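Down below is the structure, laid out as structure tokens.
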Amino acid sequence: MTSAARVLHTLPNQAALYRAAAERLLALGTAAIAAHGAFHLALAGGATPQGLYTLLGTDELAGRLDWTRVHLYFGDERCVPPDHHDSNYRMVRESLLDRLPVAPQLHRINGELAPEQAAADYAALLHRQLPAAGFDLILLGLGPDGHIASLFPGSDTLNQRKQTVTADYVPKLDSWRITLTLPVLNHARHLMLLVSGAHKADVVRHVMRNIAHANPLPVEMLRPQGVLEWFVDADAARYLEHQD
Ligand code: 6PG
């Protein structure tokens, strides 16, 4: 697999990170729609991307993309109902979908189902919906332990090379998650990693040292054939030398 371009953007604060990420996403979406009539976009969960989704749904930006041509997927989901406080779908609905003037084509992970069923259903949906070229863009957050999507350190799923979606019990969270697997992430045309906050500074430093480890962190196992762009605010980039 060809090594990807890895681009690091360090931004002065979280608002600047959201602005830079929004502009990049809108540019990639516009290009994808122009090139093949659709934008296949997988969203990240957690807290960091909420501000990006809210910004994308503002009057200023919502009209900058033809959302009717956007196929919206999830990189992972908690095994909870869609109205549950922990649901990534609920977070995306409240921060983005409810604010958009038109509805994208939404492909939700059915977290309310039994984990294995939810994973099998989503794998079947990806097989139906996703072009052979894979996702145009996958958004990812980064955990302080180096997890991405719901691929956690020590998980057997990190060695998964065939399945596109798995159900994982995460001991440290005592909960089940549904997640895209590394082959799907690495097949994407573009990955954007959104990293904000001083509590991420250690893991950012660890990754940017580019030291080969016997047990690489999940984020270090990203070898996309496309482009991997990091958007890191100053708090998370505090141990790195230069800043944009
Ligand atoms: C999730 C996310 C997860 C998240 C990281 C970072 O479902 O929680 O997919 O991978 O991106 O845990 O979370 P924060 O953005 O909240 O720090």
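Convention: chains lettered A, B, ... in structure tokens order; per-chain residue numbering from 1; ligands numbered from 1 as shown.
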
**Study point:** Surrounding residues as a PyMOL selection string, ligand 1, max 10 Å, only C-alpha atoms and all ligand atoms
**Key:** chain A and resi 43-50+74-78+86-89+139-152+177-180+193-197+199-200

Exercise for review: Using DSSP on the backbone, list every residue of segment 4-79 of chain A that comes out as helix (DSSP H, G or I), and give them as number ranges by chain.
Suggested key: A: 14-36, 50-56, 59-62, 67-69

Could you save the residues just selected, with N, CA and C atoms, as a CSV table (one decimal), in the first residue's frame?
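That gives us result.csv:
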chain,number,residue,atom,x,y,z
A,14,GLN,N,-9.3,26.3,19.2
A,14,GLN,CA,-10.3,25.3,18.7
A,14,GLN,C,-11.1,25.9,17.6
A,15,ALA,N,-11.5,27.2,17.8
A,15,ALA,CA,-12.4,27.8,16.7
A,15,ALA,C,-11.7,27.8,15.4
A,16,ALA,N,-10.4,28.1,15.4
A,16,ALA,CA,-9.6,28.1,14.1
A,16,ALA,C,-9.5,26.7,13.6
A,17,LEU,N,-9.4,25.7,14.4
A,17,LEU,CA,-9.4,24.3,14.0
A,17,LEU,C,-10.7,24.0,13.3
A,18,TYR,N,-11.8,24.4,13.9
A,18,TYR,CA,-13.1,24.1,13.2
A,18,TYR,C,-13.3,24.8,11.9
A,19,ARG,N,-12.8,26.1,11.9
A,19,ARG,CA,-12.9,26.8,10.6
A,19,ARG,C,-12.1,26.2,9.5
A,20,ALA,N,-10.8,25.8,9.8
A,20,ALA,CA,-9.9,25.2,8.8
A,20,ALA,C,-10.5,23.8,8.4
A,21,ALA,N,-11.0,23.1,9.3
A,21,ALA,CA,-11.6,21.7,9.0
A,21,ALA,C,-12.8,21.9,8.1
A,22,ALA,N,-13.6,22.9,8.5
A,22,ALA,CA,-14.9,23.1,7.7
A,22,ALA,C,-14.6,23.5,6.3
A,23,GLU,N,-13.6,24.4,6.1
A,23,GLU,CA,-13.2,24.8,4.7
A,23,GLU,C,-12.7,23.6,3.9
A,24,ARG,N,-11.9,22.8,4.6
A,24,ARG,CA,-11.4,21.6,3.9
A,24,ARG,C,-12.4,20.6,3.5
A,25,LEU,N,-13.3,20.4,4.4
A,25,LEU,CA,-14.4,19.4,4.2
A,25,LEU,C,-15.3,19.9,3.0
A,26,LEU,N,-15.6,21.2,3.1
A,26,LEU,CA,-16.5,21.8,2.0
A,26,LEU,C,-15.8,21.7,0.6
A,27,ALA,N,-14.5,21.9,0.6
A,27,ALA,CA,-13.8,21.8,-0.6
A,27,ALA,C,-13.7,20.4,-1.2
A,28,LEU,N,-13.5,19.5,-0.2
A,28,LEU,CA,-13.5,18.1,-0.7
A,28,LEU,C,-14.8,17.6,-1.1
A,29,GLY,N,-15.9,18.1,-0.4
A,29,GLY,CA,-17.2,17.7,-0.8
A,29,GLY,C,-17.6,18.2,-2.2
A,30,THR,N,-17.3,19.5,-2.4
A,30,THR,CA,-17.6,20.1,-3.7
A,30,THR,C,-16.9,19.4,-4.8
A,31,ALA,N,-15.6,19.0,-4.6
A,31,ALA,CA,-14.8,18.3,-5.6
A,31,ALA,C,-15.4,16.9,-5.9
A,32,ALA,N,-15.8,16.2,-4.8
A,32,ALA,CA,-16.3,14.9,-5.0
A,32,ALA,C,-17.6,14.9,-5.8
A,33,ILE,N,-18.5,15.9,-5.4
A,33,ILE,CA,-19.8,16.0,-6.1
A,33,ILE,C,-19.5,16.3,-7.6
A,34,ALA,N,-18.6,17.2,-7.9
A,34,ALA,CA,-18.2,17.6,-9.3
A,34,ALA,C,-17.6,16.4,-10.0
A,35,ALA,N,-16.8,15.6,-9.3
A,35,ALA,CA,-16.1,14.5,-9.9
A,35,ALA,C,-17.0,13.2,-10.2
A,36,HIS,N,-17.9,12.9,-9.1
A,36,HIS,CA,-18.7,11.7,-9.3
A,36,HIS,C,-20.1,11.8,-8.8
A,50,GLN,N,-18.1,18.2,17.4
A,50,GLN,CA,-19.4,18.8,17.5
A,50,GLN,C,-19.4,20.3,17.1
A,51,GLY,N,-18.3,21.0,17.4
A,51,GLY,CA,-18.2,22.4,17.0
A,51,GLY,C,-18.0,22.5,15.5
A,52,LEU,N,-17.4,21.5,14.9
A,52,LEU,CA,-17.3,21.5,13.4
A,52,LEU,C,-18.7,21.3,12.8
A,53,TYR,N,-19.5,20.4,13.3
A,53,TYR,CA,-20.8,20.1,12.8
A,53,TYR,C,-21.7,21.3,12.9
A,54,THR,N,-21.6,22.0,14.1
A,54,THR,CA,-22.4,23.2,14.4
A,54,THR,C,-22.1,24.3,13.4
A,55,LEU,N,-20.8,24.4,13.1
A,55,LEU,CA,-20.3,25.5,12.2
A,55,LEU,C,-20.8,25.2,10.8
A,56,LEU,N,-20.8,23.9,10.4
A,56,LEU,CA,-21.2,23.5,9.0
A,56,LEU,C,-22.7,23.8,8.8
A,59,ASP,N,-26.0,29.4,8.9
A,59,ASP,CA,-26.4,30.0,7.7
A,59,ASP,C,-25.2,30.4,6.8
A,60,GLU,N,-24.1,30.7,7.4
A,60,GLU,CA,-22.9,31.1,6.7
A,60,GLU,C,-22.4,30.0,5.8
A,61,LEU,N,-22.4,28.8,6.3
A,61,LEU,CA,-21.8,27.7,5.6
A,61,LEU,C,-22.7,26.6,5.0
A,62,ALA,N,-23.9,26.5,5.5
A,62,ALA,CA,-24.8,25.4,5.1
A,62,ALA,C,-25.1,25.4,3.6
A,67,TRP,N,-26.0,19.4,0.1
A,67,TRP,CA,-26.1,18.3,1.1
A,67,TRP,C,-27.0,17.2,0.5
A,68,THR,N,-27.9,17.5,-0.5
A,68,THR,CA,-28.7,16.4,-1.0
A,68,THR,C,-27.8,15.4,-1.8
A,69,ARG,N,-26.6,15.7,-2.1
A,69,ARG,CA,-25.7,14.8,-2.8
A,69,ARG,C,-24.7,14.2,-1.8

Pull the closest atom pair for each residue of segment 36-76 of chain A that gets at most 12 Å from segment 123-130 of chain A, along with the distance in Å to one decimal, counting only C-alpha atoms, ordering rows by chain and then ascending residue number, as a Markdown table.
| residue | atom | partner | partner_atom | distance |
| --- | --- | --- | --- | --- |
| A:Ala38 | CA | A:Leu130 | CA | 10.4 |
| A:Phe39 | CA | A:Leu130 | CA | 10.2 |
| A:His40 | CA | A:Leu130 | CA | 7.3 |
| A:Leu41 | CA | A:Leu130 | CA | 10.0 |
| A:Ala42 | CA | A:Leu130 | CA | 10.8 |
| A:Val70 | CA | A:Leu130 | CA | 11.8 |
| A:His71 | CA | A:Gln129 | CA | 8.6 |
| A:Leu72 | CA | A:Gln129 | CA | 10.6 |
| A:Tyr73 | CA | A:Leu126 | CA | 9.0 |
| A:Phe74 | CA | A:Leu126 | CA | 10.7 |
| A:Gly75 | CA | A:Leu126 | CA | 11.4 |
| A:Asp76 | CA | A:Ala123 | CA | 12.0 |

Limited to N, CA and C atoms, could you put the picked residues into a file as a PDB file, in the first residue's frame?
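Here's the written file again_20.pdb:
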ATOM      1  N   ALA A  38     -21.448  12.606  -6.030  1.00  0.00           N
ATOM      2  CA  ALA A  38     -21.831  12.351  -4.634  1.00  0.00           C
ATOM      3  C   ALA A  38     -20.620  12.577  -3.747  1.00  0.00           C
ATOM      4  N   PHE A  39     -20.897  12.747  -2.448  1.00  0.00           N
ATOM      5  CA  PHE A  39     -19.825  12.910  -1.457  1.00  0.00           C
ATOM      6  C   PHE A  39     -20.094  11.880  -0.357  1.00  0.00           C
ATOM      7  N   HIS A  40     -19.274  10.855  -0.316  1.00  0.00           N
ATOM      8  CA  HIS A  40     -19.442   9.785   0.678  1.00  0.00           C
ATOM      9  C   HIS A  40     -18.568  10.121   1.877  1.00  0.00           C
ATOM     10  N   LEU A  41     -19.219  10.560   2.936  1.00  0.00           N
ATOM     11  CA  LEU A  41     -18.561  11.169   4.103  1.00  0.00           C
ATOM     12  C   LEU A  41     -18.920  10.386   5.362  1.00  0.00           C
ATOM     13  N   ALA A  42     -17.886   9.939   6.104  1.00  0.00           N
ATOM     14  CA  ALA A  42     -18.127   9.274   7.391  1.00  0.00           C
ATOM     15  C   ALA A  42     -17.751  10.234   8.511  1.00  0.00           C
ATOM     16  N   VAL A  70     -24.896  14.468  -0.534  1.00  0.00           N
ATOM     17  CA  VAL A  70     -23.985  13.912   0.476  1.00  0.00           C
ATOM     18  C   VAL A  70     -24.579  12.637   1.068  1.00  0.00           C
ATOM     19  N   HIS A  71     -23.796  11.558   1.047  1.00  0.00           N
ATOM     20  CA  HIS A  71     -24.142  10.312   1.756  1.00  0.00           C
ATOM     21  C   HIS A  71     -23.390  10.365   3.080  1.00  0.00           C
ATOM     22  N   LEU A  72     -24.164  10.455   4.165  1.00  0.00           N
ATOM     23  CA  LEU A  72     -23.576  10.654   5.485  1.00  0.00           C
ATOM     24  C   LEU A  72     -23.559   9.333   6.250  1.00  0.00           C
ATOM     25  N   TYR A  73     -22.377   8.901   6.642  1.00  0.00           N
ATOM     26  CA  TYR A  73     -22.189   7.647   7.376  1.00  0.00           C
ATOM     27  C   TYR A  73     -21.546   7.966   8.727  1.00  0.00           C
ATOM     28  N   PHE A  74     -21.297   6.921   9.513  1.00  0.00           N
ATOM     29  CA  PHE A  74     -20.640   7.081  10.816  1.00  0.00           C
ATOM     30  C   PHE A  74     -19.412   6.168  10.885  1.00  0.00           C
ATOM     31  N   GLY A  75     -18.328   6.711  11.422  1.00  0.00           N
ATOM     32  CA  GLY A  75     -17.132   5.896  11.581  1.00  0.00           C
ATOM     33  C   GLY A  75     -17.291   4.882  12.695  1.00  0.00           C
ATOM     34  N   ASP A  76     -18.141   5.222  13.654  1.00  0.00           N
ATOM     35  CA  ASP A  76     -18.436   4.294  14.736  1.00  0.00           C
ATOM     36  C   ASP A  76     -19.696   4.756  15.464  1.00  0.00           C
TER      37      ASP A  76
END

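Residue nearest Ala201 of chain A within the list A:Lys162, A:Pro81, A:Arg93, A:Tyr239: A:Tyr239 [criterion: smallest interatomic distance, only C-alpha atoms].
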